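Content type PDB, C-alpha atoms and all ligand atoms, from the file upload10.pdb:
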ATOM      1  CA  MET A   1      19.256 -45.188 -44.138  1.00  0.00           C
ATOM      2  CA  LEU A   2      21.255 -47.662 -46.169  1.00  0.00           C
ATOM      3  CA  PHE A   3      24.936 -47.054 -46.543  1.00  0.00           C
ATOM      4  CA  ASP A   4      27.100 -48.292 -49.315  1.00  0.00           C
ATOM      5  CA  TYR A   5      30.001 -49.732 -47.356  1.00  0.00           C
ATOM      6  CA  LEU A   6      32.637 -48.991 -49.987  1.00  0.00           C
ATOM      7  CA  LYS A   7      31.495 -45.431 -50.495  1.00  0.00           C
ATOM      8  CA  MET A   8      31.440 -44.877 -46.753  1.00  0.00           C
ATOM      9  CA  LYS A   9      35.061 -45.934 -46.618  1.00  0.00           C
ATOM     10  CA  GLU A  10      35.927 -43.602 -49.452  1.00  0.00           C
ATOM     11  CA  ALA A  11      34.226 -40.616 -47.785  1.00  0.00           C
ATOM     12  CA  GLU A  12      36.015 -41.373 -44.520  1.00  0.00           C
ATOM     13  CA  LYS A  13      39.375 -41.558 -46.251  1.00  0.00           C
ATOM     14  CA  ILE A  14      38.877 -38.223 -47.985  1.00  0.00           C
ATOM     15  CA  LEU A  15      37.792 -36.519 -44.767  1.00  0.00           C
ATOM     16  CA  ALA A  16      40.715 -37.965 -42.851  1.00  0.00           C
ATOM     17  CA  ALA A  17      43.105 -36.784 -45.569  1.00  0.00           C
ATOM     18  CA  LYS A  18      41.772 -33.249 -45.049  1.00  0.00           C
ATOM     19  CA  GLY A  19      42.432 -33.489 -41.322  1.00  0.00           C
ATOM     20  CA  ILE A  20      38.786 -34.006 -40.401  1.00  0.00           C
ATOM     21  CA  ARG A  21      37.823 -36.772 -37.987  1.00  0.00           C
ATOM     22  CA  PRO A  22      35.311 -38.791 -40.024  1.00  0.00           C
ATOM     23  CA  THR A  23      32.263 -39.122 -37.776  1.00  0.00           C
ATOM     24  CA  GLU A  24      29.122 -40.733 -39.164  1.00  0.00           C
ATOM     25  CA  THR A  25      27.381 -37.350 -39.453  1.00  0.00           C
ATOM     26  CA  ARG A  26      30.292 -35.836 -41.358  1.00  0.00           C
ATOM     27  CA  SER A  27      30.545 -38.798 -43.724  1.00  0.00           C
ATOM     28  CA  THR A  28      26.799 -38.695 -44.371  1.00  0.00           C
ATOM     29  CA  ILE A  29      26.875 -34.965 -45.151  1.00  0.00           C
ATOM     30  CA  TYR A  30      29.898 -35.454 -47.391  1.00  0.00           C
ATOM     31  CA  LYS A  31      28.170 -38.200 -49.376  1.00  0.00           C
ATOM     32  CA  HIS A  32      24.939 -36.246 -49.581  1.00  0.00           C
ATOM     33  CA  LEU A  33      26.790 -33.270 -51.074  1.00  0.00           C
ATOM     34  CA  LYS A  34      28.666 -35.497 -53.477  1.00  0.00           C
ATOM     35  CA  ARG A  35      25.483 -37.073 -54.847  1.00  0.00           C
ATOM     36  CA  LYS A  36      23.974 -33.702 -55.771  1.00  0.00           C
ATOM     37  CA  PHE A  37      24.777 -32.142 -59.107  1.00  0.00           C
ATOM     38  CA  TYR A  38      23.476 -28.764 -57.918  1.00  0.00           C
ATOM     39  CA  ALA A  39      24.282 -26.631 -54.864  1.00  0.00           C
ATOM     40  CA  ILE A  40      22.207 -27.409 -51.774  1.00  0.00           C
ATOM     41  CA  THR A  41      20.953 -25.557 -48.721  1.00  0.00           C
ATOM     42  CA  LEU A  42      21.416 -26.509 -45.064  1.00  0.00           C
ATOM     43  CA  ARG A  43      17.724 -27.362 -44.936  1.00  0.00           C
ATOM     44  CA  GLU A  44      18.143 -29.887 -47.756  1.00  0.00           C
ATOM     45  CA  ILE A  45      21.024 -31.505 -45.882  1.00  0.00           C
ATOM     46  CA  GLU A  46      18.909 -31.571 -42.744  1.00  0.00           C
ATOM     47  CA  LYS A  47      16.188 -33.458 -44.601  1.00  0.00           C
ATOM     48  CA  SER A  48      18.627 -36.280 -45.343  1.00  0.00           C
ATOM     49  CA  PHE A  49      18.881 -36.878 -41.584  1.00  0.00           C
ATOM     50  CA  ILE A  50      15.216 -37.399 -41.022  1.00  0.00           C
ATOM     51  CA  LYS A  51      14.499 -41.088 -40.877  1.00  0.00           C
ATOM     52  CA  LYS A  52      11.301 -42.113 -42.579  1.00  0.00           C
ATOM     53  CA  SER A  53      10.474 -44.704 -39.946  1.00  0.00           C
ATOM     54  CA  ASP A  54      10.324 -42.623 -36.793  1.00  0.00           C
ATOM     55  CA  ASN A  55      10.590 -39.064 -38.115  1.00  0.00           C
ATOM     56  CA  ASN A  56      13.499 -38.458 -35.753  1.00  0.00           C
ATOM     57  CA  LYS A  57      16.480 -36.440 -36.795  1.00  0.00           C
ATOM     58  CA  THR A  58      19.802 -38.158 -36.307  1.00  0.00           C
ATOM     59  CA  ALA A  59      21.705 -34.864 -36.495  1.00  0.00           C
ATOM     60  CA  ASP A  60      20.536 -31.452 -35.413  1.00  0.00           C
ATOM     61  CA  ARG A  61      20.762 -28.181 -37.271  1.00  0.00           C
ATOM     62  CA  THR A  62      23.733 -26.932 -35.251  1.00  0.00           C
ATOM     63  CA  THR A  63      25.787 -30.056 -36.005  1.00  0.00           C
ATOM     64  CA  ILE A  64      25.004 -29.775 -39.707  1.00  0.00           C
ATOM     65  CA  TYR A  65      25.892 -26.072 -39.733  1.00  0.00           C
ATOM     66  CA  ARG A  66      29.181 -26.698 -37.917  1.00  0.00           C
ATOM     67  CA  THR A  67      30.038 -29.540 -40.282  1.00  0.00           C
ATOM     68  CA  ILE A  68      29.428 -27.377 -43.339  1.00  0.00           C
ATOM     69  CA  LYS A  69      31.518 -24.553 -41.870  1.00  0.00           C
ATOM     70  CA  LEU A  70      34.309 -27.047 -41.136  1.00  0.00           C
ATOM     71  CA  PHE A  71      34.092 -28.383 -44.714  1.00  0.00           C
ATOM     72  CA  GLN A  72      34.228 -24.799 -45.953  1.00  0.00           C
ATOM     73  CA  GLU A  73      37.309 -24.053 -43.845  1.00  0.00           C
ATOM     74  CA  LYS A  74      39.049 -27.154 -45.176  1.00  0.00           C
ATOM     75  CA  GLY A  75      38.191 -26.307 -48.777  1.00  0.00           C
ATOM     76  CA  ILE A  76      35.800 -29.223 -49.307  1.00  0.00           C
ATOM     77  CA  VAL A  77      32.800 -27.022 -50.058  1.00  0.00           C
ATOM     78  CA  HIS A  78      32.191 -23.417 -51.028  1.00  0.00           C
ATOM     79  CA  GLN A  79      29.249 -21.189 -50.272  1.00  0.00           C
ATOM     80  CA  ILE A  80      27.228 -19.642 -53.080  1.00  0.00           C
ATOM     81  CA  ASP A  81      24.996 -16.612 -52.751  1.00  0.00           C
ATOM     82  CA  ASP A  82      22.704 -16.925 -55.770  1.00  0.00           C
ATOM     83  CA  GLY A  83      20.428 -14.039 -54.857  1.00  0.00           C
ATOM     84  CA  THR A  84      17.743 -16.228 -53.257  1.00  0.00           C
ATOM     85  CA  ALA A  85      18.790 -15.059 -49.749  1.00  0.00           C
ATOM     86  CA  ILE A  86      19.506 -18.665 -48.722  1.00  0.00           C
ATOM     87  CA  ALA A  87      23.134 -19.784 -48.736  1.00  0.00           C
ATOM     88  CA  LYS A  88      23.874 -22.826 -50.877  1.00  0.00           C
ATOM     89  CA  TYR A  89      26.849 -25.148 -50.754  1.00  0.00           C
ATOM     90  CA  ALA A  90      28.653 -27.130 -53.422  1.00  0.00           C
ATOM     91  CA  PHE A  91      31.822 -29.174 -53.688  1.00  0.00           C
ATOM     92  CA  SER A  92      35.044 -27.279 -54.216  1.00  0.00           C
ATOM     93  CA  ASP A  93      37.740 -28.060 -56.725  1.00  0.00           C
ATOM     94  CA  GLY A  94      40.337 -28.193 -53.979  1.00  0.00           C
ATOM     95  CA  LYS A  95      41.856 -24.757 -54.405  1.00  0.00           C
ATOM     96  CA  ASN A  96      41.571 -21.982 -51.869  1.00  0.00           C
ATOM     97  CA  LEU A  97      39.381 -19.771 -53.996  1.00  0.00           C
ATOM     98  CA  ASP A  98      36.929 -21.151 -56.499  1.00  0.00           C
ATOM     99  CA  LEU A  99      37.098 -18.702 -59.353  1.00  0.00           C
ATOM    100  CA  HIS A 100      34.441 -20.494 -61.374  1.00  0.00           C
ATOM    101  CA  LEU A 101      31.081 -19.203 -62.516  1.00  0.00           C
ATOM    102  CA  HIS A 102      27.726 -20.360 -61.186  1.00  0.00           C
ATOM    103  CA  PHE A 103      24.421 -20.634 -62.967  1.00  0.00           C
ATOM    104  CA  HIS A 104      21.146 -20.008 -61.185  1.00  0.00           C
ATOM    105  CA  CYS A 105      18.033 -21.255 -62.979  1.00  0.00           C
ATOM    106  CA  THR A 106      15.181 -18.861 -62.284  1.00  0.00           C
ATOM    107  CA  HIS A 107      12.696 -21.565 -63.348  1.00  0.00           C
ATOM    108  CA  CYS A 108      13.580 -24.560 -61.122  1.00  0.00           C
ATOM    109  CA  GLY A 109      15.598 -22.547 -58.595  1.00  0.00           C
ATOM    110  CA  ASN A 110      18.656 -24.800 -58.801  1.00  0.00           C
ATOM    111  CA  THR A 111      22.171 -23.390 -58.785  1.00  0.00           C
ATOM    112  CA  PHE A 112      25.048 -25.184 -60.498  1.00  0.00           C
ATOM    113  CA  CYS A 113      28.837 -24.796 -60.573  1.00  0.00           C
ATOM    114  CA  LEU A 114      30.088 -24.183 -64.101  1.00  0.00           C
ATOM    115  CA  PRO A 115      33.495 -25.381 -65.278  1.00  0.00           C
ATOM    116  CA  ASN A 116      34.378 -21.964 -66.721  1.00  0.00           C
ATOM    117  CA  LYS A 117      36.921 -20.104 -64.637  1.00  0.00           C
ATOM    118  CA  VAL A 118      37.563 -16.433 -64.218  1.00  0.00           C
ATOM    119  CA  SER A 119      41.213 -15.535 -64.584  1.00  0.00           C
ATOM    120  CA  GLN A 120      43.197 -14.123 -61.648  1.00  0.00           C
ATOM    121  CA  ASP A 121      44.241 -11.486 -64.181  1.00  0.00           C
ATOM    122  CA  SER A 122      40.723 -10.008 -64.023  1.00  0.00           C
ATOM    123  CA  LEU A 123      41.920  -8.243 -60.893  1.00  0.00           C
ATOM    124  CA  PRO A 124      44.028  -5.079 -61.038  1.00  0.00           C
ATOM    125  CA  VAL A 125      47.630  -5.474 -59.923  1.00  0.00           C
ATOM    126  CA  LYS A 126      48.209  -5.645 -56.140  1.00  0.00           C
ATOM    127  CA  TYR A 127      44.532  -6.246 -55.366  1.00  0.00           C
ATOM    128  CA  GLU A 128      43.658  -9.241 -53.226  1.00  0.00           C
ATOM    129  CA  ILE A 129      40.548 -11.441 -53.460  1.00  0.00           C
ATOM    130  CA  ASN A 130      38.946 -12.614 -50.208  1.00  0.00           C
ATOM    131  CA  ASP A 131      35.595 -13.785 -51.458  1.00  0.00           C
ATOM    132  CA  VAL A 132      34.036 -14.791 -54.772  1.00  0.00           C
ATOM    133  CA  ASN A 133      30.432 -14.781 -55.860  1.00  0.00           C
ATOM    134  CA  LEU A 134      29.946 -15.235 -59.572  1.00  0.00           C
ATOM    135  CA  VAL A 135      26.393 -16.038 -60.595  1.00  0.00           C
ATOM    136  CA  LEU A 136      24.821 -16.055 -64.056  1.00  0.00           C
ATOM    137  CA  LYS A 137      21.035 -16.246 -64.146  1.00  0.00           C
ATOM    138  CA  GLY A 138      18.690 -17.751 -66.683  1.00  0.00           C
ATOM    139  CA  VAL A 139      16.998 -21.041 -67.559  1.00  0.00           C
ATOM    140  CA  CYS A 140      18.844 -24.376 -67.294  1.00  0.00           C
ATOM    141  CA  ILE A 141      18.907 -27.010 -70.057  1.00  0.00           C
ATOM    142  CA  LYS A 142      16.376 -29.257 -68.301  1.00  0.00           C
ATOM    143  CA  CYS A 143      13.840 -26.468 -67.914  1.00  0.00           C
ATOM    144  CA  ARG A 144      14.459 -25.226 -71.454  1.00  0.00           C
ATOM    145  CA  LYS A 145      13.841 -28.717 -72.836  1.00  0.00           C
ATOM    146  CA  ALA A 146      10.643 -29.044 -70.803  1.00  0.00           C
ATOM    147  CA  LYS A 147       9.474 -25.664 -72.072  1.00  0.00           C
ATOM    148  CA  ALA A 148      10.319 -26.489 -75.696  1.00  0.00           C
ATOM    149  CA  TYR A 149       8.463 -29.791 -75.414  1.00  0.00           C
ATOM    150  CA  LYS A 150       5.320 -28.145 -74.070  1.00  0.00           C
ATOM    151  CA  HIS A 151       5.556 -25.475 -76.722  1.00  0.00           C
ATOM    152  CA  ARG A 152       5.808 -28.060 -79.530  1.00  0.00           C
ATOM    153  CA  ILE A 153       2.794 -29.986 -78.229  1.00  0.00           C
ATOM    154  CA  VAL A 154       0.709 -26.832 -77.938  1.00  0.00           C
ATOM    155  CA  GLU A 155       1.648 -25.881 -81.501  1.00  0.00           C
ATOM    156  CA  SER A 156       0.764 -29.280 -82.949  1.00  0.00           C
ATOM    157  CA  ASN A 157      -2.515 -29.310 -81.041  1.00  0.00           C
ATOM    158  CA  HIS A 158      -3.294 -25.930 -82.422  1.00  0.00           C
ATOM    159  CA  LYS A 159      -2.663 -27.165 -85.975  1.00  0.00           C
ATOM    160  CA  ASN A 160      -4.887 -30.200 -85.496  1.00  0.00           C
ATOM    161  CA  LYS A 161      -7.522 -28.061 -83.841  1.00  0.00           C
ATOM    162  CA  LYS A 162      -8.220 -30.672 -81.212  1.00  0.00           C
ATOM    163  CA  GLU A 163      -9.993 -29.672 -78.071  1.00  0.00           C
ATOM    164  CA  ASP A 164      -9.293 -32.679 -75.865  1.00  0.00           C
ATOM    165  CA  THR A 165      -5.682 -31.962 -74.953  1.00  0.00           C
ATOM    166  CA  PRO A 166      -5.293 -29.753 -71.865  1.00  0.00           C
ATOM    167  CA  ASN A 167      -5.231 -32.628 -69.378  1.00  0.00           C
ATOM    168  CA  LYS A 168      -2.529 -34.514 -71.204  1.00  0.00           C
ATOM    169  CA  PHE A 169       0.369 -33.079 -69.201  1.00  0.00           C
ATOM    170  CA  LYS A 170      -0.928 -33.493 -65.705  1.00  0.00           C
TER     171      LYS A 170
HETATM  172 ZN    ZN A 201      15.996 -25.217 -64.296  1.00  0.00          ZN
HETATM  173 ZN    ZN A 202      30.738 -23.470 -57.337  1.00  0.00          ZN
END
Take the structure in the file and give it back as structure tokens.
Amino acid sequence: MLFDYLKMKEAEKILAAKGIRPTETRSTIYKHLKRKFYAITLREIEKSFIKKSDNNKTADRTTIYRTIKLFQEKGIVHQIDDGTAIAKYAFSDGKNLDLHLHFHCTHCGNTFCLPNKVSQDSLPVKYEINDVNLVLKGVCIKCRKAKAYKHRIVESNHKNKKEDTPNKFK
């Protein structure tokens, strides 16, 4: 795996600032999470440790799990339960509780953090929040665009009454 030296330094600095000793595994997991624009599963993280050359894992499942739990404790990531029965993880905004909404696309299966926040005032007086799991479900912009594109093509084909089109999108 190729590492960007500068980025490696940056990841290490951030981890150290959070009181986490920046091992290579931790830095790699941190960078992997940072690159993703959607929430990822432990299995996806695990895949990033499999080297193409020898098919050997450089970090085992337990190490990855412990790292994620440590990141969660330190407020670097938060866990999202999007209803798929597999926990997903995404970067946190630095606060103890992430009161933002999530969006789960039922088409591609990806789950994203949304910038929209839920107000603390949503809670009755003297209640205390320990956990948050806010998930909206539907179809993401990428999947909607893909659908709309296919739909347009099918319509125009229908108008032209051409019969040679079905293999076009393979
Ligand atoms: Zn989608
Ligand atoms: Zn989130």
Closest of A:Glu46, A:Val118, A:Ile20, A:Leu33 to His78 of chain A, counting all atoms listed in the file, is A:Leu33
List as a ChimeraX atom specification the protein and nucleic acid residues near Lys88 of chain A, meaning an atom at most 10 Å away when all atoms listed in the file are counted, but skip any in the same chain fewer than 3 places from it. /A:38-44,77-82,84-85,110-112
Same residues, C-alpha atoms, output as a PDB file, in the coordinates of the input:
ATOM      1  CA  TYR A  38      23.476 -28.764 -57.918  1.00  0.00           C
ATOM      2  CA  ALA A  39      24.282 -26.631 -54.864  1.00  0.00           C
ATOM      3  CA  ILE A  40      22.207 -27.409 -51.774  1.00  0.00           C
ATOM      4  CA  THR A  41      20.953 -25.557 -48.721  1.00  0.00           C
ATOM      5  CA  LEU A  42      21.416 -26.509 -45.064  1.00  0.00           C
ATOM      6  CA  ARG A  43      17.724 -27.362 -44.936  1.00  0.00           C
ATOM      7  CA  GLU A  44      18.143 -29.887 -47.756  1.00  0.00           C
ATOM      8  CA  VAL A  77      32.800 -27.022 -50.058  1.00  0.00           C
ATOM      9  CA  HIS A  78      32.191 -23.417 -51.028  1.00  0.00           C
ATOM     10  CA  GLN A  79      29.249 -21.189 -50.272  1.00  0.00           C
ATOM     11  CA  ILE A  80      27.228 -19.642 -53.080  1.00  0.00           C
ATOM     12  CA  ASP A  81      24.996 -16.612 -52.751  1.00  0.00           C
ATOM     13  CA  ASP A  82      22.704 -16.925 -55.770  1.00  0.00           C
ATOM     14  CA  THR A  84      17.743 -16.228 -53.257  1.00  0.00           C
ATOM     15  CA  ALA A  85      18.790 -15.059 -49.749  1.00  0.00           C
ATOM     16  CA  ASN A 110      18.656 -24.800 -58.801  1.00  0.00           C
ATOM     17  CA  THR A 111      22.171 -23.390 -58.785  1.00  0.00           C
ATOM     18  CA  PHE A 112      25.048 -25.184 -60.498  1.00  0.00           C
TER      19      PHE A 112
END
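By chain and then residue number, the residues within 12 Å of segment 144-149 of chain A are A:Cys105, A:Thr106, A:His107, A:Cys108, A:Gly138, A:Val139, A:Cys140, A:Ile153, A:Val154, A:Glu155, A:Ser156, A:Phe169, counting all atoms listed in the file and disregarding those fewer than 4 positions away in sequence.
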Would you compute the distance between atom CA of Lys142 of chain A and atom CA of Ala87 of chain A? Give it in Å to one decimal. 22.8 Å
Tell me, in Å to one decimal, how far atom CA of Glu73 of chain A is from atom CA of Lys137 of chain A. 27.2 Å
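The spacing separating atom CA of Leu99 of chain A from atom CA of Ile76 of chain A amounts to 14.6 Å.
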Ligand ZN 202 (chain A): which residues are within 7 Å, counting all atoms listed in the file? Reply as a PDB file with C-alpha atoms, in the frame of the given file.
ATOM      1  CA  HIS A  78      32.191 -23.417 -51.028  1.00  0.00           C
ATOM      2  CA  ILE A  80      27.228 -19.642 -53.080  1.00  0.00           C
ATOM      3  CA  ALA A  90      28.653 -27.130 -53.422  1.00  0.00           C
ATOM      4  CA  PHE A  91      31.822 -29.174 -53.688  1.00  0.00           C
ATOM      5  CA  SER A  92      35.044 -27.279 -54.216  1.00  0.00           C
ATOM      6  CA  ASP A  98      36.929 -21.151 -56.499  1.00  0.00           C
ATOM      7  CA  HIS A 100      34.441 -20.494 -61.374  1.00  0.00           C
ATOM      8  CA  LEU A 101      31.081 -19.203 -62.516  1.00  0.00           C
ATOM      9  CA  HIS A 102      27.726 -20.360 -61.186  1.00  0.00           C
ATOM     10  CA  PHE A 112      25.048 -25.184 -60.498  1.00  0.00           C
ATOM     11  CA  CYS A 113      28.837 -24.796 -60.573  1.00  0.00           C
ATOM     12  CA  LEU A 114      30.088 -24.183 -64.101  1.00  0.00           C
TER      13      LEU A 114
END
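Of the listed residues (A:His104, A:Arg66, A:Lys13, A:Lys36), A:His104 comes nearest to ligand ZN 201 (chain A); the distances count all atoms listed in the file.
Minimum atom-to-atom distance to ligand ZN 201 (chain A), evaluated using only C-alpha atoms and all ligand atoms, belongs to A:Phe103 out of A:Phe103, A:Asp121, A:Ile14, A:Asn157.
The nearest approach to ligand ZN 201 (chain A) among the residues A:Lys9, A:Tyr65, A:Ile141, A:Leu136, with only C-alpha atoms and all ligand atoms taken into account, belongs to A:Ile141.
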Given only C-alpha atoms as the basis, pick out the residue of A:Ala11, A:Val132, A:Val125, A:Ile45 nearest to Tyr89 of chain A. A:Ile45
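Proximity of A:Gly83, A:Pro124, A:Gly19, A:Gly109 to ligand ZN 201 (chain A), computed with only C-alpha atoms and all ligand atoms, is greatest for A:Gly109.
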Using the chain letters and numbers from the file, give me the residues hit by the PyMOL selection byres (((chain A and resi 15) around 12) and not hetatm), as a ChimeraX atom specification. /A:8-14,16-31,67,70-71,74-77
Written selection (C-alpha atoms) as an mmCIF file, in the coordinates of the input:
data_model
loop_
_atom_site.group_PDB
_atom_site.id
_atom_site.type_symbol
_atom_site.label_atom_id
_atom_site.label_comp_id
_atom_site.auth_asym_id
_atom_site.auth_seq_id
_atom_site.Cartn_x
_atom_site.Cartn_y
_atom_site.Cartn_z
ATOM 1 C CA MET A 8 31.440 -44.877 -46.753
ATOM 2 C CA LYS A 9 35.061 -45.934 -46.618
ATOM 3 C CA GLU A 10 35.927 -43.602 -49.452
ATOM 4 C CA ALA A 11 34.226 -40.616 -47.785
ATOM 5 C CA GLU A 12 36.015 -41.373 -44.520
ATOM 6 C CA LYS A 13 39.375 -41.558 -46.251
ATOM 7 C CA ILE A 14 38.877 -38.223 -47.985
ATOM 8 C CA ALA A 16 40.715 -37.965 -42.851
ATOM 9 C CA ALA A 17 43.105 -36.784 -45.569
ATOM 10 C CA LYS A 18 41.772 -33.249 -45.049
ATOM 11 C CA GLY A 19 42.432 -33.489 -41.322
ATOM 12 C CA ILE A 20 38.786 -34.006 -40.401
ATOM 13 C CA ARG A 21 37.823 -36.772 -37.987
ATOM 14 C CA PRO A 22 35.311 -38.791 -40.024
ATOM 15 C CA THR A 23 32.263 -39.122 -37.776
ATOM 16 C CA GLU A 24 29.122 -40.733 -39.164
ATOM 17 C CA THR A 25 27.381 -37.350 -39.453
ATOM 18 C CA ARG A 26 30.292 -35.836 -41.358
ATOM 19 C CA SER A 27 30.545 -38.798 -43.724
ATOM 20 C CA THR A 28 26.799 -38.695 -44.371
ATOM 21 C CA ILE A 29 26.875 -34.965 -45.151
ATOM 22 C CA TYR A 30 29.898 -35.454 -47.391
ATOM 23 C CA LYS A 31 28.170 -38.200 -49.376
ATOM 24 C CA THR A 67 30.038 -29.540 -40.282
ATOM 25 C CA LEU A 70 34.309 -27.047 -41.136
ATOM 26 C CA PHE A 71 34.092 -28.383 -44.714
ATOM 27 C CA LYS A 74 39.049 -27.154 -45.176
ATOM 28 C CA GLY A 75 38.191 -26.307 -48.777
ATOM 29 C CA ILE A 76 35.800 -29.223 -49.307
ATOM 30 C CA VAL A 77 32.800 -27.022 -50.058
#
Output requested as a PDB file, in the coordinates of the input - segment 144-155 of chain A, filled out with N, CA and C atoms.
ATOM      1  N   ARG A 144      14.640 -25.682 -70.067  1.00  0.00           N
ATOM      2  CA  ARG A 144      14.459 -25.226 -71.454  1.00  0.00           C
ATOM      3  C   ARG A 144      13.868 -26.341 -72.305  1.00  0.00           C
ATOM      4  N   LYS A 145      14.355 -27.567 -72.081  1.00  0.00           N
ATOM      5  CA  LYS A 145      13.841 -28.717 -72.836  1.00  0.00           C
ATOM      6  C   LYS A 145      12.375 -28.946 -72.509  1.00  0.00           C
ATOM      7  N   ALA A 146      12.022 -28.851 -71.232  1.00  0.00           N
ATOM      8  CA  ALA A 146      10.643 -29.044 -70.803  1.00  0.00           C
ATOM      9  C   ALA A 146       9.736 -28.000 -71.439  1.00  0.00           C
ATOM     10  N   LYS A 147      10.235 -26.768 -71.470  1.00  0.00           N
ATOM     11  CA  LYS A 147       9.474 -25.664 -72.072  1.00  0.00           C
ATOM     12  C   LYS A 147       9.268 -25.897 -73.565  1.00  0.00           C
ATOM     13  N   ALA A 148      10.364 -26.280 -74.255  1.00  0.00           N
ATOM     14  CA  ALA A 148      10.319 -26.489 -75.696  1.00  0.00           C
ATOM     15  C   ALA A 148       9.348 -27.613 -76.026  1.00  0.00           C
ATOM     16  N   TYR A 149       9.337 -28.652 -75.206  1.00  0.00           N
ATOM     17  CA  TYR A 149       8.463 -29.791 -75.414  1.00  0.00           C
ATOM     18  C   TYR A 149       6.998 -29.360 -75.327  1.00  0.00           C
ATOM     19  N   LYS A 150       6.691 -28.625 -74.263  1.00  0.00           N
ATOM     20  CA  LYS A 150       5.320 -28.145 -74.070  1.00  0.00           C
ATOM     21  C   LYS A 150       4.899 -27.263 -75.234  1.00  0.00           C
ATOM     22  N   HIS A 151       5.830 -26.409 -75.649  1.00  0.00           N
ATOM     23  CA  HIS A 151       5.556 -25.475 -76.722  1.00  0.00           C
ATOM     24  C   HIS A 151       5.224 -26.225 -78.015  1.00  0.00           C
ATOM     25  N   ARG A 152       6.030 -27.271 -78.316  1.00  0.00           N
ATOM     26  CA  ARG A 152       5.808 -28.060 -79.530  1.00  0.00           C
ATOM     27  C   ARG A 152       4.439 -28.716 -79.502  1.00  0.00           C
ATOM     28  N   ILE A 153       4.078 -29.302 -78.360  1.00  0.00           N
ATOM     29  CA  ILE A 153       2.794 -29.986 -78.229  1.00  0.00           C
ATOM     30  C   ILE A 153       1.640 -29.001 -78.433  1.00  0.00           C
ATOM     31  N   VAL A 154       1.766 -27.845 -77.810  1.00  0.00           N
ATOM     32  CA  VAL A 154       0.709 -26.832 -77.938  1.00  0.00           C
ATOM     33  C   VAL A 154       0.548 -26.433 -79.392  1.00  0.00           C
ATOM     34  N   GLU A 155       1.688 -26.244 -80.074  1.00  0.00           N
ATOM     35  CA  GLU A 155       1.648 -25.881 -81.501  1.00  0.00           C
ATOM     36  C   GLU A 155       0.955 -26.935 -82.341  1.00  0.00           C
TER      37      GLU A 155
END
